[in-house]
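S.K.: Take a look at structure.txt, compact mmCIF, C-alpha atoms:
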```
# COMPACT_ATOMS: atom_id res chain seq x y z
CA VAL A 1 47.89 69.37 -19.01
CA THR A 2 46.34 72.30 -20.77
CA GLY A 3 47.67 74.75 -23.30
CA GLY A 4 49.24 72.26 -25.65
CA ARG A 5 49.13 72.84 -29.36
CA PHE A 6 49.71 70.80 -32.49
CA VAL A 7 52.77 72.37 -34.15
CA ALA A 8 54.04 69.86 -36.72
CA VAL A 9 53.43 66.51 -38.34
CA ALA A 10 55.62 64.07 -40.27
CA LEU A 11 55.19 60.73 -41.96
CA GLY A 12 52.10 59.10 -43.37
CA SER A 13 49.83 59.66 -46.31
CA ARG A 14 47.59 62.08 -44.40
CA ALA A 15 50.23 64.44 -42.96
CA ALA A 16 50.10 67.07 -45.72
CA ALA A 17 46.31 67.34 -45.55
CA MET A 18 46.18 67.24 -41.75
CA ALA A 19 48.69 70.03 -41.09
CA PRO A 20 46.71 72.98 -42.51
CA GLU A 21 43.54 71.73 -40.86
CA TYR A 22 45.21 72.25 -37.47
CA GLY A 23 47.48 75.16 -38.37
CA ALA A 24 50.57 72.96 -38.14
CA GLU A 25 53.64 72.57 -40.32
CA VAL A 26 54.70 69.48 -42.27
CA GLU A 27 58.18 68.09 -41.67
CA PRO A 28 59.86 65.84 -44.27
CA ASP A 29 60.68 63.08 -41.77
CA ALA A 30 60.73 62.11 -38.11
CA THR A 31 64.28 63.36 -37.59
CA ALA A 32 63.29 66.88 -38.68
CA LEU A 33 60.20 66.78 -36.47
CA LEU A 34 62.22 65.66 -33.45
CA ALA A 35 64.82 68.39 -34.02
CA ARG A 36 62.20 71.11 -33.52
CA PRO A 37 62.63 72.95 -30.20
CA ASP A 38 58.87 73.67 -30.09
CA VAL A 39 58.02 69.95 -29.99
CA ASP A 40 57.85 68.57 -26.44
CA VAL A 41 55.66 65.50 -27.02
CA VAL A 42 55.30 63.23 -30.04
CA VAL A 43 52.36 61.05 -30.94
CA VAL A 44 53.43 57.82 -32.64
CA ALA A 45 50.41 56.64 -34.64
CA THR A 46 52.22 54.72 -37.34
CA PRO A 47 52.36 51.02 -38.30
CA HIS A 48 53.25 48.79 -35.36
CA SER A 49 56.57 47.80 -36.94
CA THR A 50 57.78 51.42 -36.65
CA HIS A 51 56.90 52.03 -33.01
CA ARG A 52 60.19 50.89 -31.47
CA GLU A 53 62.40 52.84 -33.85
CA LEU A 54 60.37 56.06 -33.68
CA ALA A 55 59.82 55.94 -29.92
CA VAL A 56 63.49 55.29 -29.19
CA GLU A 57 64.50 58.12 -31.53
CA ALA A 58 62.00 60.42 -29.81
CA ALA A 59 63.31 59.48 -26.37
CA TYR A 60 66.90 60.22 -27.37
CA ALA A 61 65.69 63.58 -28.74
CA GLY A 62 64.26 64.30 -25.26
CA LYS A 63 60.62 64.20 -26.39
CA HIS A 64 57.84 62.65 -24.32
CA ILE A 65 56.00 59.88 -26.18
CA TYR A 66 52.32 59.07 -26.65
CA LEU A 67 52.19 55.71 -28.43
CA GLU A 68 49.14 54.41 -30.23
CA LYS A 69 48.45 50.85 -29.14
CA PRO A 70 49.93 48.36 -29.20
CA MET A 71 53.09 49.75 -27.64
CA ALA A 72 55.18 47.48 -29.87
CA ARG A 73 55.10 44.01 -31.41
CA THR A 74 57.27 42.19 -28.87
CA VAL A 75 58.33 42.40 -25.25
CA GLU A 76 61.88 43.13 -26.44
CA GLU A 77 60.68 46.11 -28.49
CA CYS A 78 58.71 47.41 -25.49
CA ASP A 79 61.77 46.99 -23.26
CA ALA A 80 63.89 48.99 -25.75
CA ILE A 81 61.36 51.84 -25.68
CA LEU A 82 61.17 51.86 -21.89
CA SER A 83 64.96 51.71 -21.55
CA ALA A 84 65.42 54.67 -23.90
CA ALA A 85 62.72 56.64 -22.08
CA LYS A 86 64.28 55.96 -18.68
CA ALA A 87 67.78 56.84 -19.92
CA ASN A 88 66.50 60.15 -21.28
CA LYS A 89 64.01 60.94 -18.49
CA VAL A 90 60.98 61.14 -20.77
CA VAL A 91 57.46 59.87 -20.17
CA VAL A 92 55.92 57.14 -22.32
CA THR A 93 52.19 56.50 -22.39
CA VAL A 94 50.16 54.10 -24.50
CA ALA A 95 46.76 55.07 -25.89
CA LYS A 96 43.90 53.10 -24.41
CA GLN A 97 40.92 55.00 -25.73
CA THR A 98 38.50 52.21 -24.80
CA ARG A 99 38.48 53.56 -21.25
CA HIS A 100 37.08 56.85 -22.52
CA MET A 101 34.19 55.45 -24.56
CA GLU A 102 30.78 56.28 -23.10
CA MET A 103 29.58 52.67 -22.97
CA ALA A 104 32.80 51.48 -21.30
CA MET A 105 32.66 54.26 -18.70
CA LYS A 106 29.03 53.35 -17.93
CA ALA A 107 29.93 49.67 -17.57
CA LYS A 108 32.78 50.57 -15.20
CA GLU A 109 30.38 52.72 -13.15
CA LEU A 110 27.87 49.87 -12.89
CA ILE A 111 30.61 47.47 -11.83
CA GLU A 112 31.95 49.85 -9.19
CA ASP A 113 28.43 50.55 -7.87
CA GLY A 114 27.80 46.80 -7.52
CA ALA A 115 24.83 46.92 -9.92
CA ILE A 116 26.24 44.13 -12.08
CA GLY A 117 27.48 41.82 -9.35
CA ASP A 118 30.67 39.83 -9.26
CA ILE A 119 32.45 39.38 -12.58
CA ARG A 120 33.01 35.69 -13.19
CA ILE A 121 33.93 35.73 -16.89
CA ILE A 122 34.47 38.30 -19.59
CA ARG A 123 34.25 37.42 -23.26
CA ALA A 124 35.59 39.76 -25.92
CA MET A 125 34.27 39.68 -29.42
CA SER A 126 35.37 42.00 -32.19
CA PRO A 127 32.46 43.35 -34.20
CA PHE A 128 34.58 43.28 -37.35
CA SER A 129 37.48 41.31 -38.69
CA ASP A 130 39.13 43.44 -41.35
CA TYR A 131 38.14 47.01 -40.44
CA GLY A 132 36.88 47.42 -44.02
CA LEU A 133 40.41 48.30 -45.08
CA PRO A 134 41.79 47.72 -48.57
CA SER A 135 43.80 44.50 -48.86
CA ASP A 136 47.06 46.44 -49.32
CA HIS A 137 46.65 48.45 -46.07
CA TRP A 138 49.58 48.08 -43.67
CA LEU A 139 47.33 46.62 -40.98
CA ASN A 140 46.77 43.56 -43.17
CA ASP A 141 50.52 42.86 -43.33
CA PRO A 142 51.37 39.79 -41.19
CA GLY A 143 54.53 41.58 -40.04
CA GLU A 144 52.37 44.10 -38.20
CA GLY A 145 50.81 41.46 -35.96
CA ASP A 146 47.29 40.14 -36.14
CA CYS A 147 43.88 40.92 -34.69
CA CYS A 148 45.00 39.81 -31.22
CA LEU A 149 47.78 42.39 -31.26
CA GLU A 150 45.64 45.12 -32.83
CA TRP A 151 42.14 44.84 -31.32
CA GLY A 152 43.12 42.41 -28.58
CA SER A 153 45.26 45.00 -26.84
CA HIS A 154 42.08 47.02 -26.23
CA ALA A 155 40.24 43.99 -24.89
CA CYS A 156 43.06 43.04 -22.51
CA ASP A 157 43.29 46.57 -21.16
CA ALA A 158 39.51 46.78 -20.72
CA PHE A 159 39.47 43.48 -18.82
CA ARG A 160 42.18 44.68 -16.44
CA TRP A 161 40.40 48.02 -15.98
CA PHE A 162 36.96 46.52 -15.36
CA THR A 163 38.23 43.89 -12.93
CA GLU A 164 41.10 45.86 -11.39
CA SER A 165 43.17 42.68 -11.59
CA ASP A 166 45.32 40.62 -13.91
CA ALA A 167 44.10 37.53 -15.73
CA THR A 168 44.61 34.12 -14.17
CA ARG A 169 43.51 32.11 -17.21
CA VAL A 170 43.17 33.13 -20.87
CA TYR A 171 41.81 31.35 -23.90
CA ALA A 172 41.80 32.80 -27.42
CA ASP A 173 40.51 31.54 -30.72
CA TYR A 174 40.06 33.53 -33.87
CA ALA A 175 39.71 33.20 -37.60
CA ASN A 176 39.76 35.64 -40.47
CA VAL A 177 36.26 35.33 -41.86
CA SER A 178 36.82 38.03 -44.48
CA ALA A 179 39.32 36.03 -46.55
```
Go ahead and express the file in the form of structure tokens.
M.R.:
Amino acid sequence: VTGGRFVAVALGSRAAAMAPEYGAEVEPDATALLARPDVDVVVVATPHSTHRELAVEAAYAGKHIYLEKPMARTVEECDAILSAAKANKVVVTVAKQTRHMEMAMKAKELIEDGAIGDIRIIRAMSPFSDYGLPSDHWLNDPGEGDCCLEWGSHACDAFRWFTESDATRVYADYANVSA
């Protein structure tokens, strides 16, 4: 799709500064943003705990939805989003930017060309544990999930993309080494 434009933003500590940078308007809340007739698609890039509520509200407002990963915190929350989208005939997509990173695209090319050989095992390792965020950042709140939900969603998607299949066996172990 071409010709889209950023018309308005709501929520978050960066909204007021972001709007003028892109020539957009600031709305006081999500309801006001969703009421705008010039908004066709919303990007939900808020804390994980808000995804279900905002996405469902957007669907009932007839807006297509681009969700930052993870889609939601639970299967039930994901099902609620998908149900609202289906009922209102809107499209939902989940951001998986890993597929668009240069090194990931090169790896996929090498796999498809047979240069790497058969994939027998993939091991994911996060290069960081706390993102360098302040301790009071929402991402550090246990109610938002943990590193498996945050970073792990990228790893799982990359594995499925690289192998063009679903996992048959998974093992995970992690620790917060920054505490």
S.K.: Would you pick out the contacts of Val39 (chain A) at 8 Å or less, using all atoms listed in the file, so that residues sharing its chain but fewer than 6 positions from it are not included, and give the list as a list of chain:residue names?
M.R.: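 Surrounding residues, per the criterion: A:Val7, A:Ala8, A:Leu33, A:Lys63.
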S.K.: Here's a test: counting only C-alpha atoms, identify every protein, DNA and RNA residue with an atom at most 8 Å from (52.3, 57.6, -42.1) in the file's coordinate frame, and state them as a PDB file with C-alpha atoms, in the frame of the given file.
M.R.:
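Output below, filename out_9.pdb:
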```pdb
ATOM      1  CA  ALA A  10      55.620  64.070 -40.270  1.00  0.00           C
ATOM      2  CA  LEU A  11      55.190  60.730 -41.960  1.00  0.00           C
ATOM      3  CA  GLY A  12      52.100  59.100 -43.370  1.00  0.00           C
ATOM      4  CA  SER A  13      49.830  59.660 -46.310  1.00  0.00           C
ATOM      5  CA  ARG A  14      47.590  62.080 -44.400  1.00  0.00           C
ATOM      6  CA  ALA A  15      50.230  64.440 -42.960  1.00  0.00           C
ATOM      7  CA  ALA A  45      50.410  56.640 -34.640  1.00  0.00           C
ATOM      8  CA  THR A  46      52.220  54.720 -37.340  1.00  0.00           C
ATOM      9  CA  PRO A  47      52.360  51.020 -38.300  1.00  0.00           C
TER      10      PRO A  47
END
```
S.K.: Can you pull out every residue within 12 Å of Asp38 (chain A), counting all atoms listed in the file, but drop anything in the same chain fewer than 3 positions away, and send it as an MDAnalysis selection string?
M.R.: chainID A and resid 4:8 24:25 32:35 41:42 62:63
S.K.: Near region 116-125 of chain A, within 12 Å and counting only C-alpha atoms, which residues show up once chain neighbours fewer than 5 positions away are dropped, as a PyMOL selection string?
M.R.: chain A and resi 106-111+147-148+151-165+167-175
S.K.: At what distance in Å, to one decimal, does CA of Ser49 (chain A) lie from CA of Pro37 (chain A)?
M.R.: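 Straight-line distance from CA of Pro37 (chain A) to CA of Ser49 (chain A) works out to 26.7 Å.
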S.K.: If you measure from CA of Thr93 (chain A) to CA of Tyr66 (chain A), what distance in Å do you get, rounded to one decimal?
M.R.: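 Interatomic distance here is 5.0 Å.
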S.K.: Find the residues around region 73-85 of chain A up to 12 Å (all atoms listed in the file counted), leave out those fewer than 4 positions away in its own chain, and share them as a PyMOL selection string.
M.R.: chain A and resi 47-67+69+89-94+142-146+148-150+153
S.K.: What is the CA of Glu68 (chain A) to CA of Ala95 (chain A) distance in Å?
M.R.: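 Rounded to one decimal, the two atoms are 5.0 Å apart.
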